[in-house]
file target_4.cif (mmCIF, C-alpha atoms (C1' of nucleotides))
data_model
#
loop_
_atom_site.label_atom_id
_atom_site.label_comp_id
_atom_site.auth_asym_id
_atom_site.auth_seq_id
_atom_site.Cartn_x
_atom_site.Cartn_y
_atom_site.Cartn_z
CA MET A 12 44.97 27.01 39.31
CA ALA A 13 44.34 24.10 41.63
CA THR A 14 41.06 23.27 39.92
CA ALA A 15 42.67 22.80 36.52
CA PRO A 16 42.97 18.98 36.52
CA THR A 17 39.24 18.67 37.20
CA LEU A 18 38.36 21.16 34.47
CA ASP A 19 40.50 19.26 31.99
CA SER A 20 38.72 15.98 32.43
CA ALA A 21 35.28 17.56 32.86
CA PHE A 22 35.50 19.53 29.60
CA GLN A 23 36.96 16.47 27.91
CA ALA A 24 34.11 14.31 29.18
CA LEU A 25 31.49 16.77 27.95
CA ALA A 26 33.08 17.05 24.50
CA ASP A 27 31.46 13.84 23.28
CA PRO A 28 27.78 13.83 22.21
CA SER A 29 27.16 10.31 23.53
CA ARG A 30 28.47 11.32 26.93
CA ARG A 31 26.42 14.53 26.89
CA SER A 32 23.34 12.45 26.12
CA MET A 33 24.17 10.33 29.18
CA VAL A 34 24.53 13.50 31.26
CA THR A 35 21.22 14.80 29.94
CA ARG A 36 19.54 11.54 30.91
CA LEU A 37 21.12 11.65 34.37
CA SER A 38 20.11 15.27 34.93
CA ARG A 39 16.54 13.93 35.03
CA GLY A 40 17.38 11.28 37.62
CA PRO A 41 19.54 8.22 38.37
CA ALA A 42 19.77 5.49 35.74
CA SER A 43 21.25 2.03 35.26
CA VAL A 44 23.98 1.36 32.69
CA SER A 45 21.46 -0.33 30.39
CA GLU A 46 19.15 2.64 30.62
CA LEU A 47 22.01 4.95 29.66
CA ALA A 48 22.93 2.61 26.82
CA ALA A 49 19.40 2.23 25.40
CA PRO A 50 19.28 5.38 23.20
CA LEU A 51 22.90 5.03 22.06
CA GLU A 52 23.59 2.99 18.94
CA MET A 53 26.74 1.31 20.17
CA SER A 54 27.81 -1.78 22.08
CA LEU A 55 27.45 -1.97 25.84
CA PRO A 56 31.23 -2.06 26.44
CA ALA A 57 31.51 1.19 24.50
CA VAL A 58 28.89 2.78 26.74
CA VAL A 59 30.75 1.56 29.81
CA GLN A 60 33.93 3.19 28.50
CA HIS A 61 32.08 6.48 28.13
CA LEU A 62 30.74 6.01 31.64
CA ASP A 63 34.31 5.51 32.90
CA VAL A 64 35.30 8.81 31.34
CA LEU A 65 32.39 10.53 33.07
CA GLN A 66 33.28 8.91 36.38
CA LYS A 67 36.98 9.75 36.18
CA SER A 68 36.01 13.36 35.57
CA GLY A 69 33.88 13.25 38.71
CA LEU A 70 30.75 14.25 36.80
CA VAL A 71 29.11 10.90 37.51
CA ARG A 72 29.15 8.58 40.49
CA SER A 73 27.77 5.03 40.54
CA GLU A 74 27.14 2.16 42.86
CA LYS A 75 26.31 -1.44 42.18
CA VAL A 76 23.49 -3.21 43.98
CA GLY A 77 22.90 -6.81 42.97
CA ARG A 78 23.59 -6.96 39.26
CA VAL A 79 22.55 -3.41 38.42
CA ARG A 80 24.82 -0.38 38.60
CA THR A 81 22.99 2.86 39.30
CA CYS A 82 24.56 6.11 38.09
CA ARG A 83 24.00 9.63 39.37
CA LEU A 84 25.12 13.07 38.24
CA GLU A 85 27.28 15.11 40.64
CA PRO A 86 26.53 18.83 40.90
CA ALA A 87 29.99 20.02 42.01
CA PRO A 88 32.03 19.49 38.80
CA LEU A 89 29.15 20.90 36.77
CA ARG A 90 29.27 24.01 38.92
CA ALA A 91 33.07 24.24 38.50
CA VAL A 92 32.82 24.13 34.72
CA GLU A 93 29.95 26.61 34.66
CA GLY A 94 31.90 28.90 36.98
CA TRP A 95 35.02 28.87 34.83
CA ILE A 96 33.07 29.84 31.74
CA ALA A 97 30.95 32.40 33.57
CA GLU A 98 34.07 34.20 34.82
CA HIS A 99 35.67 34.37 31.41
CA ARG A 100 32.49 35.39 29.66
CA ALA A 101 31.94 38.09 32.29
CA ASP A 102 35.46 39.48 31.78
CA LEU A 103 34.99 39.48 28.04
CA GLU A 104 31.54 41.03 28.04
CA SER A 105 32.31 43.74 30.56
CA ARG A 106 35.23 44.71 28.37
CA LEU A 107 33.02 44.70 25.28
CA ASP A 108 30.50 46.83 27.21
CA ARG A 109 33.19 49.37 28.08
CA LEU A 110 34.26 49.39 24.45
CA GLY A 111 30.65 50.16 23.55
CA ASP A 112 30.68 53.06 26.02
CA VAL A 113 33.85 54.44 24.50
CA LEU A 114 32.39 54.23 21.02
CA ASP A 115 29.20 55.90 22.27
CA ALA A 116 31.16 58.70 23.93
CA THR A 117 33.29 59.19 20.84
CA PHE A 118 30.66 59.05 18.12
CA GLY A 119 27.45 59.69 20.01
CA ARG A 120 24.94 57.15 21.29
CA ASP A 121 22.78 57.39 18.13
CA GLY A 122 25.70 57.28 15.78
CA MET B 29 19.58 19.74 19.25
CA ALA B 30 20.72 21.99 16.42
CA THR B 31 23.44 23.50 18.59
CA ALA B 32 25.12 20.15 19.20
CA PRO B 33 27.93 20.42 16.61
CA THR B 34 29.03 23.73 18.13
CA LEU B 35 28.94 22.34 21.65
CA ASP B 36 31.07 19.38 20.59
CA SER B 37 33.89 21.47 19.25
CA ALA B 38 33.60 24.12 21.96
CA PHE B 39 33.86 21.62 24.82
CA GLN B 40 36.64 19.85 22.95
CA ALA B 41 38.49 23.12 22.49
CA LEU B 42 38.18 23.99 26.17
CA ALA B 43 39.38 20.56 27.30
CA ASP B 44 43.04 21.46 26.81
CA PRO B 45 44.86 23.58 29.43
CA SER B 46 47.00 25.36 26.83
CA ARG B 47 43.89 26.39 24.95
CA ARG B 48 42.15 27.47 28.15
CA SER B 49 45.18 29.62 28.97
CA MET B 50 44.81 31.23 25.56
CA VAL B 51 41.11 31.84 26.25
CA THR B 52 41.98 33.34 29.63
CA ARG B 53 44.44 35.70 27.99
CA LEU B 54 41.91 36.67 25.33
CA SER B 55 39.18 37.30 27.91
CA ARG B 56 41.33 40.25 29.00
CA GLY B 57 41.61 41.62 25.47
CA PRO B 58 42.79 40.89 21.91
CA ALA B 59 46.26 39.42 21.42
CA SER B 60 48.65 38.46 18.65
CA VAL B 61 49.70 34.85 18.05
CA SER B 62 53.11 35.54 19.62
CA GLU B 63 51.47 37.03 22.69
CA LEU B 64 49.32 33.92 23.06
CA ALA B 65 52.38 31.75 22.58
CA ALA B 66 54.64 33.56 25.05
CA PRO B 67 53.52 31.84 28.28
CA LEU B 68 53.23 28.40 26.64
CA GLU B 69 56.29 26.19 26.62
CA MET B 70 55.84 24.79 23.14
CA SER B 71 56.76 25.61 19.56
CA LEU B 72 54.91 28.30 17.64
CA PRO B 73 53.38 25.84 15.14
CA ALA B 74 51.91 23.94 18.09
CA VAL B 75 50.32 27.14 19.36
CA VAL B 76 48.91 27.84 15.92
CA GLN B 77 47.39 24.37 15.87
CA HIS B 78 45.69 25.09 19.18
CA LEU B 79 44.52 28.40 17.78
CA ASP B 80 43.02 26.56 14.79
CA VAL B 81 41.05 24.35 17.16
CA LEU B 82 39.75 27.43 18.97
CA GLN B 83 38.82 29.11 15.70
CA LYS B 84 37.07 26.05 14.25
CA SER B 85 35.00 25.89 17.43
CA GLY B 86 34.02 29.52 16.91
CA LEU B 87 35.39 30.54 20.30
CA VAL B 88 38.07 32.71 18.72
CA ARG B 89 38.15 34.88 15.63
CA SER B 90 41.26 36.47 14.13
CA GLU B 91 42.34 38.84 11.41
CA LYS B 92 45.73 39.52 9.94
CA VAL B 93 46.99 43.05 9.45
CA GLY B 94 50.46 43.38 8.01
CA ARG B 95 52.43 40.52 9.49
CA VAL B 96 50.57 40.24 12.78
CA ARG B 97 47.42 38.22 13.33
CA THR B 98 45.18 39.61 16.07
CA CYS B 99 42.89 37.19 17.91
CA ARG B 100 39.67 37.94 19.79
CA LEU B 101 37.34 35.89 21.95
CA GLU B 102 33.73 35.50 20.76
CA PRO B 103 31.02 35.71 23.42
CA ALA B 104 28.34 33.63 21.65
CA PRO B 105 29.86 30.12 21.86
CA LEU B 106 30.89 30.80 25.44
CA ARG B 107 27.28 31.65 26.22
CA ALA B 108 26.09 28.48 24.45
CA VAL B 109 28.36 26.27 26.53
CA GLU B 110 27.47 28.05 29.75
CA GLY B 111 23.79 27.74 28.88
CA TRP B 112 23.99 24.01 28.26
CA ILE B 113 25.63 23.39 31.60
CA ALA B 114 23.37 25.80 33.45
CA GLU B 115 20.28 23.97 32.19
CA HIS B 116 21.51 20.57 33.19
CA ARG B 117 22.78 21.72 36.55
CA ALA B 118 19.44 23.44 37.19
CA ASP B 119 17.50 20.24 36.38
CA LEU B 120 19.78 18.23 38.62
CA GLU B 121 19.75 20.62 41.55
CA SER B 122 16.01 21.25 41.52
CA ARG B 123 15.55 17.50 41.63
CA LEU B 124 18.04 17.21 44.51
CA ASP B 125 16.19 20.03 46.27
CA ARG B 126 12.88 18.18 45.94
CA LEU B 127 14.58 15.05 47.24
CA GLY B 128 15.69 17.07 50.25
CA ASP B 129 12.10 18.20 50.78
CA VAL B 130 10.89 14.62 50.68
CA LEU B 131 13.51 13.54 53.21
CA ASP B 132 12.62 16.50 55.41
CA ALA B 133 8.93 15.64 55.22
CA THR B 134 9.62 11.99 55.98
CA PHE B 135 12.14 12.32 58.79
CA GLY B 136 11.61 15.88 60.02
CA ARG B 137 13.65 18.97 59.14
CA ASP B 138 15.96 18.62 62.16
CA GLY B 139 16.57 14.91 61.82
"C1'" DC C 22 67.51 45.91 -0.28
"C1'" DC C 23 68.70 43.00 3.51
"C1'" DG C 24 68.03 41.07 7.71
"C1'" DA C 25 64.86 40.47 11.42
"C1'" DT C 26 60.09 39.57 12.53
"C1'" DA C 27 55.67 37.16 12.56
"C1'" DC C 28 53.77 33.84 11.28
"C1'" DT C 29 52.72 29.60 7.82
"C1'" DT C 30 53.18 25.08 5.61
"C1'" DA C 31 54.58 20.42 5.46
"C1'" DA C 32 55.55 16.17 7.16
"C1'" DG C 33 56.32 12.96 10.77
"C1'" DT C 34 55.72 10.48 15.50
"C1'" DG C 35 53.96 8.58 19.82
"C1'" DA C 36 50.04 8.47 22.73
"C1'" DA C 37 45.23 8.72 23.48
"C1'" DT C 38 40.27 7.90 21.66
"C1'" DA C 39 36.35 5.58 20.28
"C1'" DC C 40 34.85 2.02 18.92
"C1'" DC C 41 34.48 -3.39 18.08
"C1'" DT C 42 33.92 -8.73 19.16
"C1'" DA C 43 34.39 -12.53 22.17
"C1'" DA C 44 34.37 -14.45 26.41
"C1'" DG C 45 34.00 -13.91 31.01
"C1'" DT C 46 31.54 -13.03 36.35
"C1'" DG C 47 28.11 -12.60 39.58
"C1'" DT C 48 22.49 -12.29 40.31
"C1'" DT C 49 18.02 -13.22 39.92
"C1'" DT C 50 14.10 -15.85 38.17
"C1'" DG C 51 11.26 -19.81 36.73
"C1'" DC D 7 19.54 -25.66 39.37
"C1'" DA D 8 19.51 -23.76 34.72
"C1'" DA D 9 18.78 -19.99 31.80
"C1'" DA D 10 18.33 -15.08 31.32
"C1'" DC D 11 20.16 -10.76 32.76
"C1'" DA D 12 23.30 -6.93 33.76
"C1'" DC D 13 27.21 -5.90 33.34
"C1'" DT D 14 32.69 -6.73 33.11
"C1'" DT D 15 37.17 -7.93 31.17
"C1'" DA D 16 40.32 -8.62 27.53
"C1'" DG D 17 42.25 -7.61 23.41
"C1'" DG D 18 42.34 -5.56 18.85
"C1'" DT D 19 41.98 -1.67 15.25
"C1'" DA D 20 41.42 2.75 12.97
"C1'" DT D 21 41.44 7.46 13.72
"C1'" DT D 22 42.53 11.70 15.98
"C1'" DC D 23 45.56 14.51 18.94
"C1'" DA D 24 49.40 17.07 20.56
"C1'" DC D 25 53.24 17.86 19.70
"C1'" DT D 26 58.00 18.09 16.94
"C1'" DT D 27 61.59 19.94 13.34
"C1'" DA D 28 62.59 22.00 9.00
"C1'" DA D 29 61.73 24.99 5.58
"C1'" DG D 30 58.88 28.22 3.65
"C1'" DT D 31 56.28 33.39 2.81
"C1'" DA D 32 55.10 37.96 3.49
"C1'" DT D 33 56.00 42.34 6.07
"C1'" DC D 34 58.73 46.01 8.38
"C1'" DG D 35 62.87 48.73 9.94
"C1'" DG D 36 67.24 50.67 8.93
#
call {"tool": "encode", "arguments": {"input": "target_4.cif", "output": "structure tokens"}}
result
Amino acid sequence: MATAPTLDSAFQALADPSRRSMVTRLSRGPASVSELAAPLEMSLPAVVQHLDVLQKSGLVRSEKVGRVRTCRLEPAPLRAVEGWIAEHRADLESRLDRLGDVLDATFGRDG
Amino acid sequence: MATAPTLDSAFQALADPSRRSMVTRLSRGPASVSELAAPLEMSLPAVVQHLDVLQKSGLVRSEKVGRVRTCRLEPAPLRAVEGWIAEHRADLESRLDRLGDVLDATFGRDG
DNA sequence: CCGATACTTAAGTGAATACCTAAGTGTTTG
DNA sequence: CAAACACTTAGGTATTCACTTAAGTATCGG
């Protein structure tokens, strides 16, 4: 479970709707802090705190040029989170499928 | 964004390693509260609190028969979370792919 | 029917979150 | 060079979170 610390902070980061809205915006391309802040009805420092959470989780990277900080979404942590869920859903659903088969075999496929 | 409230609580629920360990256990089949608690080094009430979080998020459902409560994983919220991430990752990566194409076209495919 | 089992409820605590306002620090622009 | 701009830092508050212990409440097994 070496990937656990990343999953923790990534799931945590994605748990907040404001941060998900920032991720949605960034999935369409890089953006400045002000651009990320624009649709959110909160102070700029609050937005920056959300951005910190996203950066600490590795989901977002940013660099400052002049006075504007440009933020980008990172694919890797997104893939890690998607992978974790996909595995568990696959385990669950294959088991549910087999259960369906058993029920079919026991009671007949057209019940 | 009608699915947002579910995503909130589902991501939140999955942000904790104890709760993810419970989900992992349940992806292999139904389990009682004590079975979920066994590998976790915390009190039973703490485990039940985590279970409540999982249930309120819709990820887990449970029913009590006699004195034992049996918990199961629900596929739907797992699919919703996976879908949200898949969409955003797809947007991001297709954009990164196109960026790669542009760089290739500008500088040549073998640099 | 009595003790063990499997939770369940209640109440409390310390740390982490999600905001805020106010006052900075560098960068550009007129 | 002064004002506007894009953050950045500092500090404060109210709520939520992740636990804890202690004391219940229904089963079930002998």
call {"tool": "residues_around", "arguments": {"input": "target_4.cif", "residues": "DT46 of chain C", "least_positions_apart": "3", "cutoff": "12 Å", "atoms": "only C-alpha atoms (C1' of nucleotides)", "output": "list in words"}}
result
Arg78 of chain A; DA12, DC13, DT14 and DT15 of chain D
call {"tool": "resolve_selection", "arguments": {"input": "target_4.cif", "expression": "the PyMOL selection byres ((chain B) within 9 of (chain D))", "output": "number ranges by chain"}}
result
B: 70-71, 74, 77-78, 94-96
call {"tool": "resolve_selection", "arguments": {"input": "target_4.cif", "expression": "the PyMOL selection byres ((chain A) within 12 of (chain B))", "output": "ChimeraX atom specification"}}
result
/A:12,14-41,68,70-71,83-110
call {"tool": "interface_residues", "arguments": {"input": "target_4.cif", "of": "chain C", "to": "chain A", "cutoff": "10 Å", "atoms": "only C-alpha atoms (C1' of nucleotides)", "output": "PyMOL selection string"}}
result
chain C and resi 39-42+47-49
call {"tool": "atom_distance", "arguments": {"input": "target_4.cif", "atom1": "atom CA of Ser90 of chain B", "atom2": "atom C1' of DG33 of chain C"}}
result
28.1 Å
call {"tool": "atom_distance", "arguments": {"input": "target_4.cif", "atom1": "atom CA of Leu82 of chain B", "atom2": "atom CA of Asp63 of chain A"}}
result
26.5 Å
call {"tool": "atom_distance", "arguments": {"input": "target_4.cif", "atom1": "atom CA of Gly86 of chain B", "atom2": "atom CA of Thr98 of chain B"}}
result
15.1 Å
call {"tool": "axis_aligned_box", "arguments": {"input": "target_4.cif", "around": "segment 9-18 of chain D", "padding_each_side": "3 Å", "output": "AutoDock Vina command-line options"}}
result
--center_x 30.3 --center_y -12.8 --center_z 26.3 --size_x 30.0 --size_y 20.4 --size_z 20.9
call {"tool": "closest_residue", "arguments": {"input": "target_4.cif", "among": "B:Ala66, B:Leu79, B:Lys84, B:Arg137", "to": "Cys99 of chain B", "atoms": "all atoms listed in the file"}}
result
B:Leu79
